[in-house]
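**Q** Can you keep this structure in mind? I'll have questions shortly.
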2 protein chains.
Amino acid sequence: MPTVPSTLSAPYNELTRRLSDLTALEEAIGILSWDQEIVMPKGAVEQRSRQIATLSVVRHERLSAPDLAELVDQLMHDQTLTDTQAANVREARRDLMRTTRIPEALVRRWSETTVKAHDVWVEARKADDFSAFEPILTELVELSKQRAAAIDPEAPPYDVLLDEFEPGTTQAQLEPLFADLKAFLLPMIAKVRARSQAGGLPDTTWLSEVVPADRQRTVGETVVRAMGYDFDRGRLDTSVHPFCGGAGPSDVRITTRYREDAFFGSLSGMIHETGHALYEQGRDLDLADQPVSRARSMGIHESQSLLWEKQVGLGRPFWTALLPKLQLSYEFLRKVDLDSFLFGISQVDLDNFIRVDADELTYPLHVILRYEIERDLFNGTLQVADLPKVWNAKMQEYLGITPPDFRLGVLQDVHWSMGSFGYFPSYTLGALYAAQFMNSCRDQVPGVDAALSRGDVEPLLTWLRTHIHREGSRFGTDELVRRATGEPLNPRHFIDYARAKFTRLYGL
Amino acid sequence: MPTVPSTLSAPYNELTRRLSDLTALEEAIGILSWDQEIVMPKGAVEQRSRQIATLSVVRHERLSAPDLAELVDQLMHDQTLTDTQAANVREARRDLMRTTRIPEALVRRWSETTVKAHDVWVEARKADDFSAFEPILTELVELSKQRAAAIDPEAPPYDVLLDEFEPGTTQAQLEPLFADLKAFLLPMIAKVRARSQAGGLPDTTWLSEVVPADRQRTVGETVVRAMGYDFDRGRLDTSVHPFCGGAGPSDVRITTRYREDAFFGSLSGMIHETGHALYEQGRDLDLADQPVSRARSMGIHESQSLLWEKQVGLGRPFWTALLPKLQLSYEFLRKVDLDSFLFGISQVDLDNFIRVDADELTYPLHVILRYEIERDLFNGTLQVADLPKVWNAKMQEYLGITPPDFRLGVLQDVHWSMGSFGYFPSYTLGALYAAQFMNSCRDQVPGVDAALSRGDVEPLLTWLRTHIHREGSRFGTDELVRRATGEPLNPRHFIDYARAKFTRLYGL
């Protein structure tokens, strides 16, 4: 098995052996989870939960073993390790700390409450009844505060939660970023709204032409393959909620769904999941069983899906190559020219309440709304009971619309029912990173757009492989971004990109 | 989760909790193995081996925990347990003993050697070169002797190996059984040969009519469903080697292959695997996570597949109901009457060298040949180097044919390359049990054949559910058979069945 190149450090070799076992357990859980979504018979649900829970307990026990902690502590002071080895130890230490510091009673209560909360949320959403969800959501907020205090009693609780998905990222870093975004987005959306009300924009009815699922599948597989996805180390299936899962870089499985009256949404979703998959398939195979090869963070993961879905997959070069091919398969597109096509696939939907359906311009405001609510919940200035009121007020303030019910408002997302507080910012961090990476790639690889216009992703993919995928968790997020782009995260790249793009599309 | 109904015995509850975890680990391995055969991308082979090996090590560690052994020892003397609970403790003890008595160094050497041996066997078979396989086969025989000595130094080694697949079965029990079988089969086959040489038997060319795979699938699924297989707790897929796998009674997955010029072989294979699957699906669901609910032995498992494939699936009642339906789908069968059909599907192939392709009458001789070779290898009266010579001599003696090469002879089976010595007898034990069970069912449920003639498997399935499936490992094999049929294993049932059947089919 590939492991970190051996030095003479026996303790380090012992650590890699144990981390490799932990990786194998995580990968086994990955396959059981994929199986559950894609092929498992419905009668096996209960037993599958038991199987996954058992593997999770085994993983937790092994990660919590006192001698593993001693080994890691010892290696944290080992000056003979290479940089990569030291990074591997650092990532292992992070896993250990986030796992072992939470008391067992809290782990159990957390597990029981989240399982219950998911069912409660499903029912509350069905009944459009926030009050049914409120008590258990209140409990989850309280338990999350306890988890945060257990992991790091010194840090503000919400920072500890953010750190789970974006290691090292704090509220103090997000505030100015999101302030900049709001300052750009609110007036920009107002201009788009005014322009839309004036009428005369390109026809986009072709977006809802019916395309049978099997034809979408053929086209989709061609696009996924052309993006560099390796079908020998993955597979493409159909599921209700598209995702990228599997077991390590040699087994990266993506799923999609085919809506016959929304072919572009399906294709775009496949491009998104392929972006995630390319990141996983591009990890350092020689270190695949070690934490140092893992994706850096949720935000960096989302940067890879969004770079392909938005920066590339809504862009002129990509469609210069692909639209003529698509027109061969989909006859109704033959009357749509490239400019109309690009307008249609990027148009802003000003009446949309749902985050997952949002366009590039409104999406960050959906995230900022949730971020502000989470921040205030954990800072104690907002009570769970007030969420619907605050949600709707912010929707009106940021997007000019008020949800008619809870389903289209505060009850729309699954995240809180899973106790995933601090996750939402990753989506928008991903969009910002994506714009910054794309700009740097264009600077460093001058032919990248010309290649895309010929249907050749190789220069782009090579840049991503080198600067992002293979780097894994070798560096902290800031350092990764700095090495790839010459500066830390800078929202200007996204703002400039979006301003130019929507100014052009809407003739502002 | 279902566990054994609680008594006040805290140690017993602790045992069931730990056995339940072990079951979950075994089930997880079951899903990873199924995934590997059916859906896994080919680039994931190496990592999948790691995942399965890791779970196997975890299982071994948990099973070997000293406090588990203490718990089991304590409960072996607990007079307050119910019969089922005591049986559960007995089965757990068996698992422990077979696992923990083998020294770790031997476990590792065994694992390394079997992995290597499989590759060597594949290559040797391809090259038709027994001498390439001989050294590692010799090593496997030696390691098997060491394993047997570690598990039970008092017993003859081959008995310890048999016990792995057929708990409690010994060479001393097999000898008279197999002697009876030989005494019946050799003259019976000679008579069939003479009758075949005389000519004038029914035409069977319709067996090789081409049927497209998708039509075979439709028919096959209908038959599998009609047999009572629950698709909500299983699924049917395609694989190179058909098998029944999955994860416990709520997730029993079968596979098949479709040969377009051999529709009956494919259908018969599906019926066989469904027989295995009905056993698994019929286990006691309230005890599904405990060893006491497991299938009693390989021989009893094979009795269930063979009861459906042969006793039922080659029989007049079953085809009275099904042939008219099959004739609706397969036009070429409309000219074949029921008697000709029954002759065709049961005819004896006197020129066949391959065990897995053998008919009901020659199959036991393929098994007896292997049994005698294994017996003599482990008793020290036969050397590995002499296997080809002995194999061919026995083939000539028992079946009147000599394999032209090793591929059709001593190198045909995968079992020895996996170190599975002592497995082969289970196939023939299964055929004997199947005949005995079918006879008892007919005695106890007089309408069973009439129901089958109407396409109704319910009376038969209910009998199997009650007497075999739900009983699991509650009793030893002898006791299970005695309770179901009123007597221990008796080869007369098979012999009488086969004599009557082939005398009738061949007009002897």
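Going through the structure tokens in order, the chains are called A, B, and so on, while each chain numbers its residues from 1 and the ligands are numbered from 1 in the order shown.
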For chain B against chain A, which residues fall within 7 Å using only C-alpha atoms, given as number ranges by chain?

**A** B: 21, 24-25, 28, 41-44, 50-51, 54, 232-235, 250-251

**Q** Need to verify the contact set: Gly168 of chain A, 8 Å, only C-alpha atoms, exclusion of same-chain residues closer than 4 positions in sequence. Can you return it as a tab-separated table (two decimals) with N, CA and C atoms, in the first residue's frame?

**A**
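Result file follows (around29.tsv):
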```tsv
chain	number	residue	atom	x	y	z
A	163	ASP	N	-14.70	26.13	11.99
A	163	ASP	CA	-13.43	25.42	11.83
A	163	ASP	C	-13.62	23.97	11.41
A	476	GLY	N	-2.11	24.90	5.19
A	476	GLY	CA	-3.38	25.49	5.61
A	476	GLY	C	-4.03	26.15	4.41
A	477	THR	N	-5.33	26.46	4.55
A	477	THR	CA	-6.07	27.02	3.42
A	477	THR	C	-5.42	28.31	2.91
```

**Q** Within 12 Å of Thr205 of chain B, counting only C-alpha atoms, which residues qualify if same-chain residues fewer than 2 places away don't, as a list in words?

**A**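 Answer for this query is Leu201, Pro202, Asp203, Leu207, Ser208, Glu209, Val210, Asp261, Ala262, Phe332, Leu333, Lys335, Val336, Ser340, Phe341, Phe343, Gly344 and Ile345 of chain B.
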
**Q** Could you write those residues out with all heavy atoms, as a short mmCIF file (atom, residue, chain, number, x, y, z; two decimals), in the first residue's frame?

**A**
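This went into result_28.cif:
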```
data_model
loop_
_atom_site.label_atom_id
_atom_site.label_comp_id
_atom_site.auth_asym_id
_atom_site.auth_seq_id
_atom_site.Cartn_x
_atom_site.Cartn_y
_atom_site.Cartn_z
N LEU B 201 -33.35 -41.56 -27.97
CA LEU B 201 -33.83 -40.73 -26.85
C LEU B 201 -34.46 -39.44 -27.40
O LEU B 201 -34.21 -39.06 -28.55
CB LEU B 201 -32.66 -40.42 -25.91
CG LEU B 201 -32.12 -41.66 -25.16
CD1 LEU B 201 -30.81 -41.34 -24.46
CD2 LEU B 201 -33.17 -42.17 -24.17
N PRO B 202 -35.27 -38.76 -26.57
CA PRO B 202 -35.95 -37.55 -27.06
C PRO B 202 -34.97 -36.49 -27.56
O PRO B 202 -33.84 -36.39 -27.07
CB PRO B 202 -36.70 -37.03 -25.82
CG PRO B 202 -36.89 -38.23 -24.94
CD PRO B 202 -35.68 -39.09 -25.19
N ASP B 203 -35.45 -35.74 -28.54
CA ASP B 203 -34.67 -34.62 -29.07
C ASP B 203 -34.49 -33.54 -28.00
O ASP B 203 -35.44 -33.20 -27.28
CB ASP B 203 -35.41 -34.02 -30.27
CG ASP B 203 -34.81 -32.70 -30.71
OD1 ASP B 203 -33.65 -32.71 -31.16
OD2 ASP B 203 -35.49 -31.65 -30.56
N LEU B 207 -32.68 -27.03 -26.30
CA LEU B 207 -31.94 -26.46 -25.16
C LEU B 207 -30.92 -25.41 -25.60
O LEU B 207 -30.52 -24.57 -24.80
CB LEU B 207 -31.22 -27.57 -24.38
CG LEU B 207 -32.07 -28.35 -23.38
CD1 LEU B 207 -31.38 -29.64 -22.98
CD2 LEU B 207 -32.38 -27.50 -22.15
N SER B 208 -30.49 -25.50 -26.87
CA SER B 208 -29.50 -24.51 -27.31
C SER B 208 -30.08 -23.46 -28.25
O SER B 208 -29.34 -22.75 -28.93
CB SER B 208 -28.30 -25.21 -27.95
OG SER B 208 -28.72 -26.26 -28.78
N GLU B 209 -31.42 -23.34 -28.27
CA GLU B 209 -32.03 -22.23 -29.02
C GLU B 209 -31.57 -20.90 -28.40
O GLU B 209 -31.41 -20.80 -27.18
CB GLU B 209 -33.56 -22.30 -28.93
CG GLU B 209 -34.18 -23.48 -29.67
CD GLU B 209 -34.45 -23.17 -31.16
OE1 GLU B 209 -34.20 -22.02 -31.58
OE2 GLU B 209 -34.90 -24.08 -31.87
N VAL B 210 -31.37 -19.90 -29.26
CA VAL B 210 -30.89 -18.60 -28.76
C VAL B 210 -32.04 -17.80 -28.16
O VAL B 210 -33.09 -17.62 -28.80
CB VAL B 210 -30.21 -17.81 -29.90
CG1 VAL B 210 -29.96 -16.36 -29.46
CG2 VAL B 210 -28.90 -18.49 -30.30
N ASP B 261 -27.29 -18.95 -25.61
CA ASP B 261 -27.51 -20.25 -26.22
C ASP B 261 -27.72 -21.34 -25.17
O ASP B 261 -27.59 -22.53 -25.46
CB ASP B 261 -26.34 -20.63 -27.14
CG ASP B 261 -25.04 -20.74 -26.36
OD1 ASP B 261 -25.01 -20.32 -25.19
OD2 ASP B 261 -24.06 -21.24 -26.93
N ALA B 262 -28.04 -20.92 -23.93
CA ALA B 262 -28.26 -21.91 -22.86
C ALA B 262 -29.25 -21.32 -21.86
O ALA B 262 -28.92 -21.14 -20.69
CB ALA B 262 -26.95 -22.29 -22.20
N PHE B 332 -40.16 -21.45 -29.46
CA PHE B 332 -39.57 -22.74 -29.87
C PHE B 332 -39.93 -23.87 -28.90
O PHE B 332 -39.75 -25.04 -29.20
CB PHE B 332 -38.05 -22.63 -30.02
CG PHE B 332 -37.35 -22.22 -28.74
CD1 PHE B 332 -36.99 -23.18 -27.80
CD2 PHE B 332 -37.05 -20.89 -28.47
CE1 PHE B 332 -36.35 -22.82 -26.62
CE2 PHE B 332 -36.42 -20.53 -27.31
CZ PHE B 332 -36.07 -21.49 -26.37
N LEU B 333 -40.42 -23.52 -27.71
CA LEU B 333 -40.79 -24.55 -26.75
C LEU B 333 -42.19 -25.12 -27.00
O LEU B 333 -42.59 -26.11 -26.38
CB LEU B 333 -40.71 -24.02 -25.32
CG LEU B 333 -39.31 -23.89 -24.72
CD1 LEU B 333 -39.38 -23.33 -23.31
CD2 LEU B 333 -38.61 -25.26 -24.70
N LYS B 335 -43.35 -26.74 -29.37
CA LYS B 335 -43.34 -28.09 -29.94
C LYS B 335 -42.79 -29.14 -28.95
O LYS B 335 -42.73 -30.33 -29.28
CB LYS B 335 -42.53 -28.11 -31.24
CG LYS B 335 -41.06 -27.75 -31.04
CD LYS B 335 -40.25 -27.91 -32.33
CE LYS B 335 -38.83 -27.36 -32.24
NZ LYS B 335 -38.06 -27.60 -31.02
N VAL B 336 -42.36 -28.68 -27.77
CA VAL B 336 -41.77 -29.60 -26.78
C VAL B 336 -42.83 -29.96 -25.73
O VAL B 336 -43.34 -29.06 -25.06
CB VAL B 336 -40.54 -28.96 -26.09
CG1 VAL B 336 -39.91 -29.93 -25.11
CG2 VAL B 336 -39.53 -28.47 -27.13
N SER B 340 -40.83 -34.61 -22.81
CA SER B 340 -39.58 -34.31 -23.50
C SER B 340 -38.81 -33.21 -22.78
O SER B 340 -37.58 -33.24 -22.67
CB SER B 340 -39.84 -33.85 -24.94
OG SER B 340 -40.56 -34.84 -25.63
N PHE B 341 -39.56 -32.23 -22.30
CA PHE B 341 -38.93 -31.12 -21.57
C PHE B 341 -38.24 -31.65 -20.32
O PHE B 341 -37.07 -31.34 -20.05
CB PHE B 341 -39.98 -30.08 -21.20
CG PHE B 341 -39.42 -28.84 -20.57
CD1 PHE B 341 -38.88 -27.82 -21.35
CD2 PHE B 341 -39.40 -28.69 -19.19
CE1 PHE B 341 -38.34 -26.68 -20.77
CE2 PHE B 341 -38.86 -27.55 -18.60
CZ PHE B 341 -38.34 -26.54 -19.40
N PHE B 343 -37.19 -34.64 -19.71
CA PHE B 343 -36.01 -35.42 -20.08
C PHE B 343 -34.83 -34.49 -20.40
O PHE B 343 -33.72 -34.66 -19.90
CB PHE B 343 -36.29 -36.33 -21.28
CG PHE B 343 -35.05 -37.06 -21.73
CD1 PHE B 343 -34.65 -38.23 -21.08
CD2 PHE B 343 -34.26 -36.58 -22.77
CE1 PHE B 343 -33.49 -38.89 -21.45
CE2 PHE B 343 -33.09 -37.23 -23.15
CZ PHE B 343 -32.71 -38.39 -22.50
N GLY B 344 -35.12 -33.46 -21.20
CA GLY B 344 -34.05 -32.56 -21.64
C GLY B 344 -33.35 -31.87 -20.49
O GLY B 344 -32.11 -31.80 -20.45
N ILE B 345 -34.12 -31.38 -19.52
CA ILE B 345 -33.49 -30.60 -18.45
C ILE B 345 -32.77 -31.48 -17.43
O ILE B 345 -31.97 -30.99 -16.64
CB ILE B 345 -34.51 -29.68 -17.73
CG1 ILE B 345 -35.63 -30.49 -17.05
CG2 ILE B 345 -35.09 -28.69 -18.73
CD1 ILE B 345 -36.65 -29.62 -16.30
#
```

**Q** Please return, as number ranges by chain, all residues of segment 242-433 of chain B that DSSP assigns to strand (DSSP E or B) on the basis of the backbone.

**A** B: 244-246, 252-256

**Q** Would you write out those residues with all heavy atoms, as a PDB file, in the first residue's frame?

**A**
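again-v8.pdb written:
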```pdb
ATOM      1  N   CYS B 244     -24.881 -15.762  -4.187  1.00  0.00           N
ATOM      2  CA  CYS B 244     -25.839 -15.155  -3.274  1.00  0.00           C
ATOM      3  C   CYS B 244     -25.028 -14.503  -2.173  1.00  0.00           C
ATOM      4  O   CYS B 244     -24.264 -15.172  -1.475  1.00  0.00           O
ATOM      5  CB  CYS B 244     -26.765 -16.240  -2.705  1.00  0.00           C
ATOM      6  SG  CYS B 244     -27.834 -15.648  -1.378  1.00  0.00           S
ATOM      7  N   GLY B 245     -25.140 -13.192  -2.039  1.00  0.00           N
ATOM      8  CA  GLY B 245     -24.361 -12.471  -1.035  1.00  0.00           C
ATOM      9  C   GLY B 245     -25.204 -11.409  -0.370  1.00  0.00           C
ATOM     10  O   GLY B 245     -26.427 -11.539  -0.298  1.00  0.00           O
ATOM     11  N   GLY B 246     -24.545 -10.353   0.113  1.00  0.00           N
ATOM     12  CA  GLY B 246     -25.272  -9.277   0.759  1.00  0.00           C
ATOM     13  C   GLY B 246     -24.941  -9.155   2.230  1.00  0.00           C
ATOM     14  O   GLY B 246     -23.805  -9.416   2.633  1.00  0.00           O
ATOM     15  N   VAL B 252     -30.391  -9.545   1.005  1.00  0.00           N
ATOM     16  CA  VAL B 252     -29.897 -10.802   0.418  1.00  0.00           C
ATOM     17  C   VAL B 252     -29.849 -10.640  -1.098  1.00  0.00           C
ATOM     18  O   VAL B 252     -30.884 -10.582  -1.756  1.00  0.00           O
ATOM     19  CB  VAL B 252     -30.821 -11.975   0.783  1.00  0.00           C
ATOM     20  CG1 VAL B 252     -30.252 -13.280   0.235  1.00  0.00           C
ATOM     21  CG2 VAL B 252     -31.025 -12.066   2.290  1.00  0.00           C
ATOM     22  N   ARG B 253     -28.654 -10.541  -1.641  1.00  0.00           N
ATOM     23  CA  ARG B 253     -28.508 -10.183  -3.053  1.00  0.00           C
ATOM     24  C   ARG B 253     -28.066 -11.383  -3.880  1.00  0.00           C
ATOM     25  O   ARG B 253     -27.079 -12.030  -3.538  1.00  0.00           O
ATOM     26  CB  ARG B 253     -27.489  -9.046  -3.182  1.00  0.00           C
ATOM     27  CG  ARG B 253     -27.866  -7.858  -2.319  1.00  0.00           C
ATOM     28  CD  ARG B 253     -26.874  -6.718  -2.435  1.00  0.00           C
ATOM     29  NE  ARG B 253     -27.276  -5.619  -1.555  1.00  0.00           N
ATOM     30  CZ  ARG B 253     -26.742  -4.409  -1.569  1.00  0.00           C
ATOM     31  NH1 ARG B 253     -25.777  -4.126  -2.432  1.00  0.00           N
ATOM     32  NH2 ARG B 253     -27.163  -3.477  -0.739  1.00  0.00           N
ATOM     33  N   ILE B 254     -28.778 -11.645  -4.956  1.00  0.00           N
ATOM     34  CA  ILE B 254     -28.393 -12.746  -5.826  1.00  0.00           C
ATOM     35  C   ILE B 254     -27.949 -12.213  -7.183  1.00  0.00           C
ATOM     36  O   ILE B 254     -28.319 -11.117  -7.590  1.00  0.00           O
ATOM     37  CB  ILE B 254     -29.538 -13.769  -6.013  1.00  0.00           C
ATOM     38  CG1 ILE B 254     -30.821 -13.079  -6.501  1.00  0.00           C
ATOM     39  CG2 ILE B 254     -29.799 -14.515  -4.716  1.00  0.00           C
ATOM     40  CD1 ILE B 254     -31.973 -14.060  -6.723  1.00  0.00           C
ATOM     41  N   THR B 255     -27.123 -13.016  -7.856  1.00  0.00           N
ATOM     42  CA  THR B 255     -26.687 -12.632  -9.193  1.00  0.00           C
ATOM     43  C   THR B 255     -26.866 -13.818 -10.128  1.00  0.00           C
ATOM     44  O   THR B 255     -26.985 -14.964  -9.707  1.00  0.00           O
ATOM     45  CB  THR B 255     -25.206 -12.205  -9.229  1.00  0.00           C
ATOM     46  OG1 THR B 255     -24.372 -13.359  -9.058  1.00  0.00           O
ATOM     47  CG2 THR B 255     -24.887 -11.203  -8.142  1.00  0.00           C
ATOM     48  N   THR B 256     -26.870 -13.505 -11.398  1.00  0.00           N
ATOM     49  CA  THR B 256     -26.994 -14.543 -12.418  1.00  0.00           C
ATOM     50  C   THR B 256     -26.192 -14.114 -13.632  1.00  0.00           C
ATOM     51  O   THR B 256     -25.641 -13.023 -13.685  1.00  0.00           O
ATOM     52  CB  THR B 256     -28.469 -14.766 -12.787  1.00  0.00           C
ATOM     53  OG1 THR B 256     -28.565 -15.879 -13.679  1.00  0.00           O
ATOM     54  CG2 THR B 256     -29.050 -13.538 -13.470  1.00  0.00           C
TER      55      THR B 256
END
```

**Q** Pick out the closest residue to Ser131 of chain B from this set: B:Pro388, B:Ser417, B:Ala295, B:Arg465. Count only C-alpha atoms.

**A**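 Looking at the shortest contact to Ser131 of chain B, the residue is B:Pro388.
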
**Q** If we count only C-alpha atoms, what is near Met298 of chain A at a cut-off of 8 Å, once residues fewer than 2 positions away on the same chain are taken out, given as a list in words?

**A**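 Listing them by chain and then by number gives Phe165, Glu166, Ala295, Arg296, Ile300, His301, Glu302, Ser426, Tyr427 and Gly430 of chain A.
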
**Q** Just the number, please: distance in Å from atom CA of Ala321 of chain A to atom CA of Tyr363 of chain A, one decimal.

**A**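 A separation of 27.4 Å between them.
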
**Q** Please provide the set of residues having any atom within 9 Å of Gln412 of chain A, restricted to only C-alpha atoms, with same-chain residues fewer than 2 positions apart removed, written as a list in words.

**A**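 Once the nearby chain positions are removed, what remains is Arg125, Ile354, Arg355, Phe406, Arg407, Leu408, Gly409, Val410 and Val414 of chain A.
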
**Q** Can you pull out every residue within 9 Å of segment 267-276 of chain A, counting only C-alpha atoms, but drop anything in the same chain fewer than 2 positions away, and send it as a VMD selection string?

**A** chain A and resid 216 to 217 219 to 221 223 to 224 227 to 229 242 to 244 254 to 258 262 to 265 278 to 281 301 to 310 313 to 314

**Q** By how many Å are atom CA of Gln383 of chain B and atom CA of Glu134 of chain B apart?

**A** 10.1 Å

**Q** Give the alpha helix (DSSP H) residues of segment 254-302 of chain B, as assigned by DSSP on the backbone, as a PyMOL selection string.

**A** chain B and resi 263-281+298-302

**Q** Report the distance between atom CA of Glu139 of chain B and atom CA of Thr113 of chain B in Å, rounded to one decimal place.

**A**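 Computing it gives 8.1 Å between the two atoms.
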